[in-house]
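A.B. asks: The structure is given below, and queries will be raised subsequently.
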Amino acid sequence: MLISNHVTWLDIAILGGATGCAFVSKDEVRTTPLMGWLADQNHTLYIRRAQRSGALDQATAIADALRKPQPVTLFPEGTTGDGGTLLPFRSALLAAVAPPPPEVIVRPVAIDYGPARFIFGWAKGEPGKANALRILGHRGTTPVTVRLLDPIPPSADRKAVARATHDAIAAALAASNAARPNL
């Protein structure tokens with residue numbers, strides 16, 4: 001299982017292309033024109049975030065998906081960020097890997113847009129169309145680094161899994177961004 005930060009909708013294409021993973025996504029994506037169809041092609045696992053009472057069933061569905069040969073990625077921030085801030089991780093769905101099923105490792109992933117992180121970030125409140133037009137209107141190429149970090153030790157505590165993956169991703173991004181100026 002891959003646990004990743006989430007900056008923009010491009011993360012899905014980038015991480016999916018780099019790892020061949022499936023994703024855990026909010027149920028609303030299923031009915032979004034084009035995006036829903038694309039998500040279905042990659043065996044996306046949909047969850048109903050508004051249904052808090054179903055968190056155990058959702059974690060069980062994720063654990064079942066982990067028994068298949070395709071890696072599964074979860075964005076535990078629960079939303080995209082502004083590119084400069086790693087949001088707190090929601091731990092409820094990490095119950096699927098606390099402890100992980102046999103032969104499943106939990107690996108943090110840091111997606112790093114470098115100095116362009118603020119261009120590609122999708123801040124709270126920005127309309128989807130405006131974000132897409134801004135990103136698609138960006139000229140030139142932008143290097144993006146996907147860092148597959150060391151696996152974290154197994155734990156039966158989902159909050160400990162959330163802290164360990166958050167800390168590993170935060171450290172990787174901080175080290176990378178400290179070496180680069182902001183735009």
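Residue numbering restarts at 1 in every chain; chains get A, B, ... in the order shown in the structure tokens, and ligands count up from 1 in that same order.
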Compile the contact shell of region 106-113 of chain A as JSON, numbers by chain: residues with an atom at most 10 Å away, counting only C-alpha atoms, same-chain residues fewer than 2 positions apart removed.

C.D. replies: {"A": [1, 2, 3, 4, 5, 6, 7, 8, 11, 14, 15, 72, 73, 74, 75, 83, 84, 94, 97, 98, 99, 100, 104, 115, 116, 117, 118, 119, 120, 121, 142, 143, 144, 145, 146, 147, 148, 149, 150, 151, 152, 153, 154, 161, 162, 164, 165, 166, 167, 168, 169, 170, 171, 172, 173, 176, 177]}

A.B. asks: Using C-alpha atoms, can you write the selected residues to a file as an mmCIF file, in the first residue's frame?

C.D. replies:
data_model
loop_
_atom_site.group_PDB
_atom_site.id
_atom_site.type_symbol
_atom_site.label_atom_id
_atom_site.label_comp_id
_atom_site.auth_asym_id
_atom_site.auth_seq_id
_atom_site.Cartn_x
_atom_site.Cartn_y
_atom_site.Cartn_z
ATOM 1 C CA MET A 1 0.000 0.000 0.000
ATOM 2 C CA LEU A 2 1.250 3.419 -0.952
ATOM 3 C CA ILE A 3 0.443 6.387 1.287
ATOM 4 C CA SER A 4 0.990 9.678 -0.545
ATOM 5 C CA ASN A 5 0.689 13.422 -0.196
ATOM 6 C CA HIS A 6 -1.869 15.008 -2.531
ATOM 7 C CA VAL A 7 -1.140 18.309 -4.293
ATOM 8 C CA THR A 8 -3.212 18.199 -7.479
ATOM 9 C CA ASP A 11 -0.883 13.285 -8.834
ATOM 10 C CA ILE A 14 1.800 10.748 -12.283
ATOM 11 C CA LEU A 15 1.688 8.177 -9.498
ATOM 12 C CA VAL A 72 -3.297 0.524 -3.852
ATOM 13 C CA THR A 73 -2.676 4.202 -3.084
ATOM 14 C CA LEU A 74 -4.401 6.250 -0.430
ATOM 15 C CA PHE A 75 -4.204 10.039 -0.051
ATOM 16 C CA GLY A 83 1.420 22.804 -2.664
ATOM 17 C CA GLY A 84 3.302 24.197 0.296
ATOM 18 C CA LEU A 94 -5.461 3.334 7.622
ATOM 19 C CA VAL A 97 -3.122 -1.666 7.269
ATOM 20 C CA ALA A 98 -3.049 -1.555 11.074
ATOM 21 C CA PRO A 99 -1.681 -4.161 11.032
ATOM 22 C CA PRO A 100 -1.223 -4.807 7.301
ATOM 23 C CA VAL A 104 1.553 -6.181 2.373
ATOM 24 C CA PRO A 115 9.516 25.190 -6.975
ATOM 25 C CA ALA A 116 6.353 24.771 -9.073
ATOM 26 C CA ARG A 117 4.447 23.289 -6.118
ATOM 27 C CA PHE A 118 2.470 26.513 -5.661
ATOM 28 C CA ILE A 119 1.507 26.588 -9.341
ATOM 29 C CA PHE A 120 0.172 23.031 -9.252
ATOM 30 C CA GLY A 121 -1.340 23.058 -5.769
ATOM 31 C CA THR A 142 7.851 20.888 -14.907
ATOM 32 C CA PRO A 143 9.946 18.139 -13.377
ATOM 33 C CA VAL A 144 8.041 16.113 -10.823
ATOM 34 C CA THR A 145 9.821 13.756 -8.468
ATOM 35 C CA VAL A 146 8.078 10.695 -7.041
ATOM 36 C CA ARG A 147 9.992 9.414 -4.014
ATOM 37 C CA LEU A 148 9.128 5.904 -2.897
ATOM 38 C CA LEU A 149 10.280 6.117 0.717
ATOM 39 C CA ASP A 150 11.326 3.305 3.023
ATOM 40 C CA PRO A 151 8.469 1.104 4.224
ATOM 41 C CA ILE A 152 7.235 1.805 7.722
ATOM 42 C CA PRO A 153 7.255 -0.897 10.406
ATOM 43 C CA PRO A 154 3.935 -2.721 10.814
ATOM 44 C CA VAL A 161 0.696 4.497 10.901
ATOM 45 C CA ALA A 162 -0.684 7.949 10.023
ATOM 46 C CA ALA A 164 4.850 7.570 10.668
ATOM 47 C CA THR A 165 3.824 8.049 7.032
ATOM 48 C CA HIS A 166 3.103 11.768 7.523
ATOM 49 C CA ASP A 167 6.469 12.317 9.204
ATOM 50 C CA ALA A 168 8.366 10.444 6.478
ATOM 51 C CA ILE A 169 6.676 12.387 3.669
ATOM 52 C CA ALA A 170 7.075 15.713 5.491
ATOM 53 C CA ALA A 171 10.796 15.063 6.018
ATOM 54 C CA ALA A 172 11.321 14.127 2.346
ATOM 55 C CA LEU A 173 9.510 17.232 1.108
ATOM 56 C CA SER A 176 13.902 18.687 -1.075
ATOM 57 C CA ASN A 177 12.261 22.096 -0.784
#

A.B. asks: Calculate how many Å separate CA of Gly20 (chain A) from CA of Asn42 (chain A), rounding to one decimal.

C.D. replies: 8.5 Å

A.B. asks: Would you kindly return, as a count of residues only, each protein, DNA or RNA residue with an atom no farther than 12 Å from any atom of Thr44 (chain A), considering only C-alpha atoms and excluding same-chain residues fewer than 3 positions away?

C.D. replies: 28

A.B. asks: Report the residues of region 7-162 of chain A whose backbone DSSP state falls under alpha helix (DSSP H), written as a PyMOL selection string.

C.D. replies: chain A and resi 10-19+35-41+55-65+117-120+128-136+158-162

A.B. asks: Just the selected residues (C-alpha atoms), exported as a CSV table (one decimal), in the first residue's frame, please.

C.D. replies:
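So the final result, stored in selection_32.csv, reads:
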chain,number,residue,atom,x,y,z
A,10,LEU,CA,-2.2,15.4,-11.7
A,11,ASP,CA,-0.9,13.3,-8.8
A,12,ILE,CA,-3.1,10.5,-9.9
A,13,ALA,CA,-1.8,10.3,-13.5
A,14,ILE,CA,1.8,10.7,-12.3
A,15,LEU,CA,1.7,8.2,-9.5
A,16,GLY,CA,-0.5,5.8,-11.5
A,17,GLY,CA,2.0,6.0,-14.4
A,18,ALA,CA,5.0,5.5,-12.2
A,19,THR,CA,3.7,2.6,-10.1
A,35,MET,CA,-12.8,11.4,-14.5
A,36,GLY,CA,-15.2,8.7,-13.4
A,37,TRP,CA,-14.6,6.7,-16.5
A,38,LEU,CA,-10.8,7.1,-16.2
A,39,ALA,CA,-10.9,6.1,-12.5
A,40,ASP,CA,-12.9,3.0,-13.4
A,41,GLN,CA,-10.2,1.9,-16.0
A,55,ALA,CA,-15.3,3.4,8.1
A,56,LEU,CA,-14.8,-0.2,9.2
A,57,ASP,CA,-16.5,-1.5,6.1
A,58,GLN,CA,-14.4,0.9,4.0
A,59,ALA,CA,-11.2,-0.2,5.7
A,60,THR,CA,-12.2,-3.9,5.1
A,61,ALA,CA,-12.8,-3.1,1.4
A,62,ILE,CA,-9.3,-1.5,1.2
A,63,ALA,CA,-7.8,-4.6,2.9
A,64,ASP,CA,-9.5,-6.8,0.4
A,65,ALA,CA,-8.1,-4.7,-2.5
A,117,ARG,CA,4.4,23.3,-6.1
A,118,PHE,CA,2.5,26.5,-5.7
A,119,ILE,CA,1.5,26.6,-9.3
A,120,PHE,CA,0.2,23.0,-9.3
A,128,GLY,CA,-12.1,22.9,-10.3
A,129,LYS,CA,-12.4,24.6,-13.7
A,130,ALA,CA,-10.2,27.5,-12.7
A,131,ASN,CA,-7.6,25.1,-11.3
A,132,ALA,CA,-7.6,23.0,-14.5
A,133,LEU,CA,-7.3,26.0,-16.7
A,134,ARG,CA,-4.5,27.5,-14.6
A,135,ILE,CA,-2.5,24.2,-14.7
A,136,LEU,CA,-3.2,23.5,-18.3
A,158,ARG,CA,-3.8,3.3,12.7
A,159,LYS,CA,-2.9,6.6,14.3
A,160,ALA,CA,0.8,5.5,14.6
A,161,VAL,CA,0.7,4.5,10.9
A,162,ALA,CA,-0.7,7.9,10.0
